[in-house]
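Reviewing the structure listed below.
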Protein chains: 6
Amino acid sequence: MTSKKAIETLAITTKIVLPNDTNTMGNLFGGQLLAWMDVIASVAAHRHCRRTVVTAAVNNVSFAQAITQSSIVTLEAKVSRAFYSSMEIFIDVFVEDPSSGKKRKCNEAIYTFVAVDQYGGAIQVPESIPESPEEISRYEGALRRKQLSLILAGKMKPNDATELKALFFEEKK
Amino acid sequence: MTSKKAIETLAITTKIVLPNDTNTMGNLFGGQLLAWMDVIASVAAHRHCRRTVVTAAVNNVSFAQAITQSSIVTLEAKVSRAFYSSMEIFIDVFVEDPSSGKKRKCNEAIYTFVAVDQYGGAIQVPESIPESPEEISRYEGALRRKQLSLILAGKMKPNDATELKALFFEEKK
Amino acid sequence: MTSKKAIETLAITTKIVLPNDTNTMGNLFGGQLLAWMDVIASVAAHRHCRRTVVTAAVNNVSFAQAITQSSIVTLEAKVSRAFYSSMEIFIDVFVEDPSSGKKRKCNEAIYTFVAVDQYGGAIQVPESIPESPEEISRYEGALRRKQLSLILAGKMKPNDATELKALFFEEKK
Amino acid sequence: MTSKKAIETLAITTKIVLPNDTNTMGNLFGGQLLAWMDVIASVAAHRHCRRTVVTAAVNNVSFAQAITQSSIVTLEAKVSRAFYSSMEIFIDVFVEDPSSGKKRKCNEAIYTFVAVDQYGGAIQVPESIPESPEEISRYEGALRRKQLSLILAGKMKPNDATELKALFFEEKK
Amino acid sequence: MTSKKAIETLAITTKIVLPNDTNTMGNLFGGQLLAWMDVIASVAAHRHCRRTVVTAAVNNVSFAQAITQSSIVTLEAKVSRAFYSSMEIFIDVFVEDPSSGKKRKCNEAIYTFVAVDQYGGAIQVPESIPESPEEISRYEGALRRKQLSLILAGKMKPNDATELKALFFEEKK
Amino acid sequence: MTSKKAIETLAITTKIVLPNDTNTMGNLFGGQLLAWMDVIASVAAHRHCRRTVVTAAVNNVSFAQAITQSSIVTLEAKVSRAFYSSMEIFIDVFVEDPSSGKKRKCNEAIYTFVAVDQYGGAIQVPESIPESPEEISRYEGALRRKQLSLILAGKMKPNDATELKALFFEEKK
């Protein structure tokens, strides 16, 4: 099973925000953006492992800035790290200024997908190779996030989450 | 500003999974479920504060079990805790067995919404009153989750996250 | 075949009226509401008999009051009476006042569904047990409505429609 | 206000039944057909009065025959009679046999629309002129149906519904 | 294989332009109209040959006039000429004036469909018989358009396109 | 008004073919692909001129190869040449092999967009600068295609279409 570079999984999609995508404030619905992110993240996950992939978790999404109707929105998804059968994917969301064309990042999300066989059983995926500084930083954070979600799900004891614990003990010193 | 009981914010919606809601495995798309959860969570948040609400974050969603086409899916959303202008909402997802009619819980998600005025500025919301054991347990966990998301966003020092730190130190003793 | 209480069939769904659901007056399209009612009524019918159900007729729907964009609309469907293989379902539609949260009933509809086997042939369904005064009144009216629709379809002679005829003769006395 | 011939209001639409329009039996959803009928009926009503029209009631629809996926479905709507501000519209639904191309009628529905001004208030519409035998028969039945729906809504006493009563008394003789 | 008259393939559909069909100018999206034209053209092609048909090409569409939201739009499609396994279809698009009801033609498009067997292989279709002056003129132009598209696709030498060449040489004389 | 390089207008979108996007053969509907191409082409046109753009024409699209359900489809749009107020856009459509991930080009289309002011009037756009061999070849062909469409629309005499005529006279020599 050949390892895959993060960049090989990059999936891009560009959308125009239509009236039906907006809430009463005239801004893009959170739920619509979540659905768009899921589709493009599944493409990135598929490009990593070339198998059927299913959404396993949405780890963290924040909607810091409103996106107005008619905006041109670009979503970029890339596998940040692969575990045995799961892949963590970062999705960066950019909005283009209509006059200058400058892209401004307005959202970031982390989804987890799992590769499955035809019966829905989890199967192994290739390793992920980060290259750019951002890819490396996200790769390293992935383990911490995995431990955190295992603790929150009651599947790991906080004491075993060495990566995560470091966060608190460094400060204590 | 009168406090609201958690139960007063309960919002329910029932869906049938249509062909276009499914992935290549014939199961409900994660992205479609995320969008459904966002809409019903926004109703619960609206019922808490009776103001315009916008999605602020998706804190945690896990897709443990596949939901097949034609399933009857029920989503129940309830405000678990209110902070100054934000509300944490739990969404429980149930699927009905077609023959016995038994409802089986198959997903759980936590979203955060913010109440805004007509300019999009955050405004204060009423306090939330939990009553049932589950409501109380979710109310208490909400502070821990809020601290965690502030730390992950770099807006709080781990050392100040007293609620969260307890998780690690209890074990150390 | 065990009888079912009306209340066991109750199906609830809550929607937000989006731009694409509205007509040129900015109000919810009749056709969209008809489609929503059909889905939730089919859930109630399914809960009654736990078999595949198909729409057989829409007996009466009136759109007394306009429902504006962004409204929170709740539909409640319940089997009012079961005949051999058909079920009459009442759908009540409520709109919430955005400020006070008061629910106001704005529509009422009656649909008929039929339970079918895998070849589409009609099959028997359990009896329906009304309990509340409203359930009992709707249960009793169902026979009258069935006779009426049989007459209108030319499948029953007016003279045999004893329940319905009573309507006219009572007055004559 | 010039009277309109029924034929001048004829509105036709042809659809192909897509996967998402079907239920678990692979047949066209009742709710989807109801929504299609509403749109084409509103075009017929608009052609009658050239004003904004809104759905007032669905008087009777029966789904006698299933329509399978990929079918070519044609809906024909025509005003059958106009009252002061309301219009009764008949919608006939045809399905084409894929090989022979023969059109077979598979549904019939009656909707009522009301013409409104910009404030939503009911306004007068032109009279309707039926010409063909079918148009005349539907024109005559419209009064009977109007009386029936007024009685069912509790807005008319059965004794005053002269047209409708005739149905029962003719037989009595 | 019996020839088909052009008029026997006429397919009509009427739509109302909804908010989600419009661009930022409040006019019907070109892409939405293209999709509507494809569906109705496929019905005309199907009526010509009574076999499965697939879109082979869009030869020419021009969007001369904007169509505003809430417009009633009627599309009329008719086979203009059949070749061995392909059919050229003209689609005429009309918009109704809301007050006078006058239909004004606002678009014209030419699509090509191919009849296929269950493996997707091209199969022969009946000949097409034009009758009205417009049908005859479109029938004659079809060969010229076919030659043109073959040249543009590099599948025919300009010198062999006798019909098309005439366009240039007539003028030269 | 600064000229724009072709590459600066590149717009990319990636889609997964869902059940509702497919025809009875289980392949992507031509009409759906036309709509997707229109949206991404409008993004490329917008990036060229940073003004509101509307679809003016679809010059040529051929659907050589069927695209099956669940395929990952990528559309790439780029301005090939700008005239006074119009822009010609090439859209290349690629499908990914699920196992190898190899992208195979399966469609090509040419759309024309026009830049408009707030009243819908045509306005001037910057010049386009082609750089790669493919960009240059498409830039040069654009004039020939423009003359062709003017002739077909009856707005130019064949004799004045110097670029296009060359096609026929070269061969004559």
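Residue numbering restarts at 1 in every chain; chains get A, B, ... in the order shown in the structure tokens, and ligands count up from 1 in that same order.
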Where does chain D meet chain B within 10 Å, residue by residue, with the nearest atom pair and distance in Å to one decimal for each, counting only C-alpha atoms, listed by chain and rising number, as CSV?
```
residue,atom,partner,partner_atom,distance
D:Leu18,CA,B:Pro19,CA,9.9
D:Pro19,CA,B:Pro19,CA,6.4
D:Asn20,CA,B:Pro19,CA,5.5
D:Asp21,CA,B:Leu18,CA,8.5
D:Thr22,CA,B:Leu18,CA,8.1
D:Asn23,CA,B:Leu18,CA,7.6
D:Thr24,CA,B:Ser70,CA,6.3
```
So that I can check the surroundings of segment 43-47 of chain E, please list as a PDB file with C-alpha atoms, in the first residue's frame every protein, DNA and RNA residue that reaches within 8 Å of it, counting only C-alpha atoms and ignoring chain neighbours fewer than 2 positions away.
```
ATOM      1  CA  ILE D  72     -43.368  10.709 -19.146  1.00  0.00           C
ATOM      2  CA  GLY D 101     -46.840   6.345 -27.056  1.00  0.00           C
TER       3      GLY D 101
ATOM      4  CA  GLU E   8     -46.314  14.198 -33.572  1.00  0.00           C
ATOM      5  CA  THR E   9     -43.164  14.854 -31.551  1.00  0.00           C
ATOM      6  CA  LEU E  10     -44.258  18.213 -30.140  1.00  0.00           C
ATOM      7  CA  ALA E  11     -43.588  18.349 -26.391  1.00  0.00           C
ATOM      8  CA  VAL E  39     -35.623  17.492 -20.480  1.00  0.00           C
ATOM      9  CA  ILE E  40     -38.365  18.666 -22.843  1.00  0.00           C
ATOM     10  CA  ALA E  41     -36.172  18.013 -25.909  1.00  0.00           C
ATOM     11  CA  CYS E  49     -38.426   7.014 -31.872  1.00  0.00           C
ATOM     12  CA  ARG E  50     -40.001   5.494 -28.732  1.00  0.00           C
ATOM     13  CA  ARG E  51     -36.575   4.353 -27.530  1.00  0.00           C
ATOM     14  CA  THR E  52     -34.188   5.531 -24.826  1.00  0.00           C
ATOM     15  CA  VAL E  53     -32.549   8.760 -25.972  1.00  0.00           C
ATOM     16  CA  ALA E  77     -39.732  21.112 -28.463  1.00  0.00           C
ATOM     17  CA  LYS E  78     -40.119  19.373 -31.832  1.00  0.00           C
ATOM     18  CA  VAL E  79     -37.877  17.077 -33.862  1.00  0.00           C
ATOM     19  CA  MET E  87     -32.412  13.576 -34.070  1.00  0.00           C
ATOM     20  CA  ILE E  89     -34.607  19.103 -31.937  1.00  0.00           C
ATOM     21  CA  PHE E 113     -30.216  13.433 -29.260  1.00  0.00           C
TER      22      PHE E 113
END
```
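Within 8 Å of segment 28-32 of chain E, once only C-alpha atoms are used and residues closer than 2 positions along the same chain are dropped, the contacting residues are Val17, Asp21, Thr22, Asn23, Gly26, Leu34, Ala35, Trp36, Phe63, Ala66, Ile67, Thr68 and Gln69 of chain E; Leu34, Ala35, Trp36, Met37, Asp38, Val39, Val54 and Thr55 of chain F.
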Task: Backbone DSSP call of helix (DSSP H, G or I) for chain F, listed as a PyMOL selection string - done: chain F and resi 6-9+19-21+30-49+133-152+158-160+162-172
Using only C-alpha atoms, please write the residues we just selected to a file, as a compact mmCIF listing (two decimals), in the first residue's frame.
```
# COMPACT_ATOMS: atom_id res chain seq x y z
CA ALA F 6 -6.37 33.39 -19.21
CA ILE F 7 -4.95 31.45 -16.27
CA GLU F 8 -6.20 34.09 -13.81
CA THR F 9 -9.79 33.21 -14.75
CA PRO F 19 -29.10 9.46 -8.22
CA ASN F 20 -31.24 12.47 -9.12
CA ASP F 21 -28.65 13.66 -11.65
CA GLY F 30 -27.12 16.15 -20.26
CA GLY F 31 -29.24 18.92 -18.80
CA GLN F 32 -27.65 18.67 -15.38
CA LEU F 33 -24.17 18.87 -16.85
CA LEU F 34 -25.20 21.92 -18.91
CA ALA F 35 -26.38 23.65 -15.72
CA TRP F 36 -23.15 22.82 -13.86
CA MET F 37 -21.08 24.13 -16.81
CA ASP F 38 -23.07 27.38 -16.83
CA VAL F 39 -22.35 28.08 -13.16
CA ILE F 40 -18.61 27.41 -13.31
CA ALA F 41 -18.29 29.31 -16.62
CA SER F 42 -19.98 32.30 -14.99
CA VAL F 43 -17.33 32.20 -12.24
CA ALA F 44 -14.53 32.27 -14.86
CA ALA F 45 -16.24 35.16 -16.69
CA HIS F 46 -16.67 37.02 -13.41
CA ARG F 47 -12.99 36.54 -12.58
CA HIS F 48 -12.09 38.06 -15.92
CA CYS F 49 -14.09 41.27 -15.55
CA PRO F 133 -0.21 26.69 -26.61
CA GLU F 134 -3.78 25.50 -25.88
CA GLU F 135 -4.82 28.95 -24.70
CA ILE F 136 -3.37 30.53 -27.83
CA SER F 137 -5.07 28.03 -30.13
CA ARG F 138 -8.42 28.60 -28.43
CA TYR F 139 -7.93 32.37 -28.54
CA GLU F 140 -7.37 32.23 -32.28
CA GLY F 141 -10.35 29.99 -32.92
CA ALA F 142 -12.62 32.31 -30.98
CA LEU F 143 -12.85 34.89 -33.78
CA ARG F 144 -13.82 32.18 -36.28
CA ARG F 145 -16.54 30.95 -33.92
CA LYS F 146 -17.83 34.49 -33.34
CA GLN F 147 -18.15 35.08 -37.10
CA LEU F 148 -19.90 31.76 -37.50
CA SER F 149 -22.48 32.55 -34.85
CA LEU F 150 -23.08 36.00 -36.32
CA ILE F 151 -23.71 34.43 -39.74
CA LEU F 152 -26.04 31.80 -38.27
CA PRO F 158 -20.73 35.20 -45.07
CA ASN F 159 -18.47 37.27 -47.35
CA ASP F 160 -17.35 39.44 -44.45
CA THR F 162 -12.82 36.48 -43.43
CA GLU F 163 -11.54 34.13 -40.76
CA LEU F 164 -14.23 31.60 -41.40
CA LYS F 165 -14.11 31.77 -45.17
CA ALA F 166 -10.46 30.83 -45.07
CA LEU F 167 -11.57 27.40 -43.94
CA PHE F 168 -13.23 26.79 -47.27
CA PHE F 169 -10.90 28.59 -49.63
CA GLU F 170 -7.70 27.04 -48.42
CA GLU F 171 -9.08 23.74 -49.54
CA LYS F 172 -10.20 25.08 -52.90
```
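Take atom CA of Val73 of chain C and atom CA of Tyr119 of chain D: the distance between them is 22.0 Å.
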TODO: For atom CA of Met156 of chain C and atom CA of Thr112 of chain D, quote the distance in Å rounded to one decimal.
DONE: 25.2 Å
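The two atoms in question, atom CA of Ser132 of chain F and atom CA of Leu75 of chain F, are spaced 18.9 Å apart.
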